[in-house]
Amino acid sequence: MNKRQLGLTALGLTVAVATAGLIVAQLLPATDQSRVVAESTPSASALPTPDAGGTPMPSEPTPADDTASPAPEGPQADPIPDTDTEVGPRTSTEVLPPGQVNVTLPPSKPRSALVSLPLPPAANSLGEVVDGFPTDVLPGIPDSLVDNSSVATQGDRLQASLEAKTTLGTDDVLAFYRQHFAPLGLLESPTTSTKRASTLSFARDDDSVTLSVTAVAGGSSYVLFGVFTAQG
């Protein structure tokens with residue numbers, strides 16, 4: 001017999017032994033059946049090994065080695081933060097509008113009145129400046145020829161007018177009175193001008209001045225008219 005025939009014969013004997021064990025187990029009490037079957041059943045290690053050219057026989061699986069190294073762990077995802085728990089102080093880039101700050105400015109120094117009480121009686125004069133005329137507020141241009149002047153009062157109100165001639169041109173007359181009225185707080189209003197005449201208006205509170213300048217031969221003719229509220 002060759003090796004293949006010997007293997008088949010051994011397999012047949014094993015099957016016969018197992019069958020006989022099953023028959024005997026049927027005849028024995030139930031308590032002894034499991035023991036007889038276990039003893040009569042051949043183990044996997046008793047099965048013949050295949051020859052070099054035969055079909056491989058089934059073998060018992062090798063138990064897993066508990067001491068084997070565990071597989072490397074992959075990257076773990078970051079845990080989901082708990083939105084109900086505040087980790088740290090919250091910050092914000094929002095710029096809040098500044099609060100309103102009440103700034104108290106020091107009281108301004110009251111301006112002195114342009115005209116003071118008592119007021120002069122009403123009067124007018126030809127060729128010269130009338131007595132009581134407010135020359136500090138409405139001065140004539142130096143070296144002017146005065147045509148007429150007048151003052152009139154009503155309560156604490158004073159009206160004053162002056163008409164004169166000067167050798168200065170109209171632009172020089174306008175510049176003279178602009179420089180004079182500005183320090184007094186009399187602010188200039190828009191100018192009305194024509195080819196030969198110009199009119200300027202100045203005002204401060206209840207006080208006002210009107211200046212009219214006209215070009216004439218040899219210079220300019222000008223008229224000043226002022227209305228003021230006198231203070232004591």
# chains A, B, ... in the order shown; residues from 1 in each chain; ligands from 1

$ residues_around --residues "Val173 of chain A" --least-positions-apart "5" --cutoff "12 Å" --atoms "only C-alpha atoms" --output "PDB file with N, CA and C atoms, in the first residue's frame"
ATOM      1  N   PRO A 139     -16.122 155.378  14.325  1.00  0.00           N
ATOM      2  CA  PRO A 139     -15.179 156.480  14.091  1.00  0.00           C
ATOM      3  C   PRO A 139     -15.150 156.875  12.623  1.00  0.00           C
ATOM      4  N   GLY A 140     -14.895 158.144  12.362  1.00  0.00           N
ATOM      5  CA  GLY A 140     -14.679 158.567  10.991  1.00  0.00           C
ATOM      6  C   GLY A 140     -13.238 158.271  10.573  1.00  0.00           C
ATOM      7  N   ILE A 141     -13.029 158.055   9.299  1.00  0.00           N
ATOM      8  CA  ILE A 141     -11.670 157.834   8.811  1.00  0.00           C
ATOM      9  C   ILE A 141     -10.867 159.115   9.025  1.00  0.00           C
ATOM     10  N   PRO A 142      -9.629 158.995   9.519  1.00  0.00           N
ATOM     11  CA  PRO A 142      -8.835 160.212   9.748  1.00  0.00           C
ATOM     12  C   PRO A 142      -8.726 161.076   8.497  1.00  0.00           C
ATOM     13  N   SER A 144     -11.001 162.861   7.236  1.00  0.00           N
ATOM     14  CA  SER A 144     -12.217 162.897   6.412  1.00  0.00           C
ATOM     15  C   SER A 144     -12.870 164.271   6.528  1.00  0.00           C
ATOM     16  N   ALA A 164     -19.477 161.315   5.277  1.00  0.00           N
ATOM     17  CA  ALA A 164     -18.201 162.024   5.102  1.00  0.00           C
ATOM     18  C   ALA A 164     -17.546 161.606   3.799  1.00  0.00           C
ATOM     19  N   LYS A 165     -16.460 162.342   3.477  1.00  0.00           N
ATOM     20  CA  LYS A 165     -15.665 162.060   2.276  1.00  0.00           C
ATOM     21  C   LYS A 165     -14.219 161.862   2.684  1.00  0.00           C
ATOM     22  N   THR A 166     -13.514 161.014   1.889  1.00  0.00           N
ATOM     23  CA  THR A 166     -12.107 160.713   2.137  1.00  0.00           C
ATOM     24  C   THR A 166     -11.374 160.545   0.819  1.00  0.00           C
ATOM     25  N   THR A 167     -10.074 160.740   0.869  1.00  0.00           N
ATOM     26  CA  THR A 167      -9.262 160.552  -0.337  1.00  0.00           C
ATOM     27  C   THR A 167      -8.935 159.073  -0.591  1.00  0.00           C
ATOM     28  N   LEU A 168      -9.314 158.190   0.322  1.00  0.00           N
ATOM     29  CA  LEU A 168      -9.061 156.765   0.140  1.00  0.00           C
ATOM     30  C   LEU A 168     -10.017 156.172  -0.890  1.00  0.00           C
ATOM     31  N   ARG A 178     -13.601 147.022   8.287  1.00  0.00           N
ATOM     32  CA  ARG A 178     -13.548 145.590   8.628  1.00  0.00           C
ATOM     33  C   ARG A 178     -12.573 145.358   9.785  1.00  0.00           C
ATOM     34  N   GLN A 179     -11.421 145.979   9.713  1.00  0.00           N
ATOM     35  CA  GLN A 179     -10.432 145.819  10.768  1.00  0.00           C
ATOM     36  C   GLN A 179     -10.894 146.447  12.089  1.00  0.00           C
ATOM     37  N   HIS A 180     -11.707 147.482  11.998  1.00  0.00           N
ATOM     38  CA  HIS A 180     -12.185 148.135  13.219  1.00  0.00           C
ATOM     39  C   HIS A 180     -13.316 147.357  13.879  1.00  0.00           C
ATOM     40  N   ALA A 197     -20.377 151.311  -6.084  1.00  0.00           N
ATOM     41  CA  ALA A 197     -20.745 151.366  -4.662  1.00  0.00           C
ATOM     42  C   ALA A 197     -20.715 149.962  -4.046  1.00  0.00           C
ATOM     43  N   SER A 198     -20.483 149.974  -2.760  1.00  0.00           N
ATOM     44  CA  SER A 198     -20.475 148.714  -1.980  1.00  0.00           C
ATOM     45  C   SER A 198     -21.161 148.978  -0.653  1.00  0.00           C
ATOM     46  N   THR A 199     -21.870 147.939  -0.159  1.00  0.00           N
ATOM     47  CA  THR A 199     -22.564 148.045   1.119  1.00  0.00           C
ATOM     48  C   THR A 199     -22.220 146.827   1.968  1.00  0.00           C
ATOM     49  N   LEU A 200     -21.804 147.074   3.189  1.00  0.00           N
ATOM     50  CA  LEU A 200     -21.493 146.009   4.143  1.00  0.00           C
ATOM     51  C   LEU A 200     -22.407 146.135   5.346  1.00  0.00           C
ATOM     52  N   LEU A 211     -22.603 150.041   6.429  1.00  0.00           N
ATOM     53  CA  LEU A 211     -21.598 150.912   5.813  1.00  0.00           C
ATOM     54  C   LEU A 211     -21.830 150.929   4.304  1.00  0.00           C
ATOM     55  N   SER A 212     -21.978 152.110   3.755  1.00  0.00           N
ATOM     56  CA  SER A 212     -22.130 152.274   2.304  1.00  0.00           C
ATOM     57  C   SER A 212     -20.983 153.139   1.801  1.00  0.00           C
ATOM     58  N   VAL A 213     -20.309 152.676   0.763  1.00  0.00           N
ATOM     59  CA  VAL A 213     -19.155 153.387   0.202  1.00  0.00           C
ATOM     60  C   VAL A 213     -19.393 153.565  -1.294  1.00  0.00           C
ATOM     61  N   THR A 214     -19.160 154.808  -1.742  1.00  0.00           N
ATOM     62  CA  THR A 214     -19.344 155.121  -3.165  1.00  0.00           C
ATOM     63  C   THR A 214     -18.099 155.832  -3.674  1.00  0.00           C
ATOM     64  N   ALA A 215     -17.670 155.409  -4.849  1.00  0.00           N
ATOM     65  CA  ALA A 215     -16.495 156.056  -5.462  1.00  0.00           C
ATOM     66  C   ALA A 215     -16.891 157.415  -6.018  1.00  0.00           C
ATOM     67  N   GLY A 219     -11.606 160.317  -4.530  1.00  0.00           N
ATOM     68  CA  GLY A 219     -11.648 159.420  -3.371  1.00  0.00           C
ATOM     69  C   GLY A 219     -12.980 158.695  -3.243  1.00  0.00           C
ATOM     70  N   SER A 220     -13.512 158.712  -2.024  1.00  0.00           N
ATOM     71  CA  SER A 220     -14.743 157.963  -1.746  1.00  0.00           C
ATOM     72  C   SER A 220     -15.623 158.765  -0.817  1.00  0.00           C
ATOM     73  N   SER A 221     -16.918 158.524  -0.947  1.00  0.00           N
ATOM     74  CA  SER A 221     -17.909 159.053  -0.015  1.00  0.00           C
ATOM     75  C   SER A 221     -18.477 157.855   0.744  1.00  0.00           C
ATOM     76  N   TYR A 222     -18.626 158.006   2.048  1.00  0.00           N
ATOM     77  CA  TYR A 222     -19.128 156.863   2.827  1.00  0.00           C
ATOM     78  C   TYR A 222     -20.158 157.342   3.845  1.00  0.00           C
ATOM     79  N   VAL A 223     -21.053 156.411   4.201  1.00  0.00           N
ATOM     80  CA  VAL A 223     -22.120 156.676   5.170  1.00  0.00           C
ATOM     81  C   VAL A 223     -22.126 155.536   6.183  1.00  0.00           C
ATOM     82  N   LEU A 224     -22.098 155.930   7.463  1.00  0.00           N
ATOM     83  CA  LEU A 224     -22.221 154.973   8.552  1.00  0.00           C
ATOM     84  C   LEU A 224     -23.566 155.163   9.228  1.00  0.00           C
TER      85      LEU A 224
END

$ residues_around --residues "Val227 of chain A" --least-positions-apart "2" --cutoff "7 Å" --atoms "only C-alpha atoms" --output "PDB file with C-alpha atoms, in the first residue's frame"
ATOM      1  CA  LEU A 158     -29.456 154.804  20.126  1.00  0.00           C
ATOM      2  CA  GLN A 159     -29.309 155.593  16.417  1.00  0.00           C
ATOM      3  CA  ALA A 160     -26.239 157.309  15.005  1.00  0.00           C
ATOM      4  CA  ASP A 207     -26.453 145.922  17.674  1.00  0.00           C
ATOM      5  CA  SER A 208     -25.994 146.495  13.941  1.00  0.00           C
ATOM      6  CA  VAL A 209     -24.017 148.765  11.607  1.00  0.00           C
TER       7      VAL A 209
END

$ residues_around --residues "segment 146-151 of chain A" --least-positions-apart "5" --cutoff "9 Å" --atoms "only C-alpha atoms" --output "NGL selection string"
:A and (120-134 or 140 or 158-165)

$ atom_distance --atom1 "atom CA of Phe228 of chain A" --atom2 "atom CA of Val216 of chain A"
29.5 Å

$ atom_distance --atom1 "atom CA of Asp205 of chain A" --atom2 "atom CA of Ala152 of chain A"
20.0 Å

$ select_by_dssp --residues "segment 124-215 of chain A" --states "strand (DSSP E or B)" --output "ChimeraX atom specification"
/A:124-126,145-154,157-166,187-188,192-193,197-204,207-215

$ write_last_selection --atoms "C-alpha atoms" --output "mmCIF file, in the first residue's frame"
data_model
loop_
_atom_site.group_PDB
_atom_site.id
_atom_site.type_symbol
_atom_site.label_atom_id
_atom_site.label_comp_id
_atom_site.auth_asym_id
_atom_site.auth_seq_id
_atom_site.Cartn_x
_atom_site.Cartn_y
_atom_site.Cartn_z
ATOM 1 C CA ASN A 124 -27.553 166.750 14.453
ATOM 2 C CA SER A 125 -24.732 168.820 13.004
ATOM 3 C CA LEU A 126 -23.449 169.932 9.593
ATOM 4 C CA LEU A 145 -14.470 165.855 5.539
ATOM 5 C CA VAL A 146 -17.694 165.465 7.532
ATOM 6 C CA ASP A 147 -20.851 166.416 5.672
ATOM 7 C CA ASN A 148 -23.297 165.789 8.531
ATOM 8 C CA SER A 149 -23.835 163.651 11.623
ATOM 9 C CA SER A 150 -26.723 162.951 13.976
ATOM 10 C CA VAL A 151 -27.846 160.966 17.031
ATOM 11 C CA ALA A 152 -31.360 159.992 18.135
ATOM 12 C CA THR A 153 -32.503 158.045 21.182
ATOM 13 C CA GLN A 154 -35.595 156.125 22.273
ATOM 14 C CA ARG A 157 -31.864 152.499 21.927
ATOM 15 C CA LEU A 158 -29.456 154.804 20.126
ATOM 16 C CA GLN A 159 -29.309 155.593 16.417
ATOM 17 C CA ALA A 160 -26.239 157.309 15.005
ATOM 18 C CA SER A 161 -25.283 158.307 11.459
ATOM 19 C CA LEU A 162 -22.250 159.912 9.826
ATOM 20 C CA GLU A 163 -21.702 161.010 6.236
ATOM 21 C CA ALA A 164 -18.201 162.024 5.102
ATOM 22 C CA LYS A 165 -15.665 162.060 2.276
ATOM 23 C CA THR A 166 -12.107 160.713 2.137
ATOM 24 C CA LEU A 187 -19.666 140.115 12.330
ATOM 25 C CA GLU A 188 -19.841 140.884 8.645
ATOM 26 C CA THR A 192 -23.843 144.058 -1.843
ATOM 27 C CA SER A 193 -21.685 145.647 -4.526
ATOM 28 C CA ALA A 197 -20.745 151.366 -4.662
ATOM 29 C CA SER A 198 -20.475 148.714 -1.980
ATOM 30 C CA THR A 199 -22.564 148.045 1.119
ATOM 31 C CA LEU A 200 -21.493 146.009 4.143
ATOM 32 C CA SER A 201 -23.566 144.948 7.162
ATOM 33 C CA PHE A 202 -22.192 144.081 10.600
ATOM 34 C CA ALA A 203 -24.107 142.724 13.606
ATOM 35 C CA ARG A 204 -23.682 141.575 17.210
ATOM 36 C CA ASP A 207 -26.453 145.922 17.674
ATOM 37 C CA SER A 208 -25.994 146.495 13.941
ATOM 38 C CA VAL A 209 -24.017 148.765 11.607
ATOM 39 C CA THR A 210 -24.444 149.455 7.900
ATOM 40 C CA LEU A 211 -21.598 150.912 5.813
ATOM 41 C CA SER A 212 -22.130 152.274 2.304
ATOM 42 C CA VAL A 213 -19.155 153.387 0.202
ATOM 43 C CA THR A 214 -19.344 155.121 -3.165
ATOM 44 C CA ALA A 215 -16.495 156.056 -5.462
#
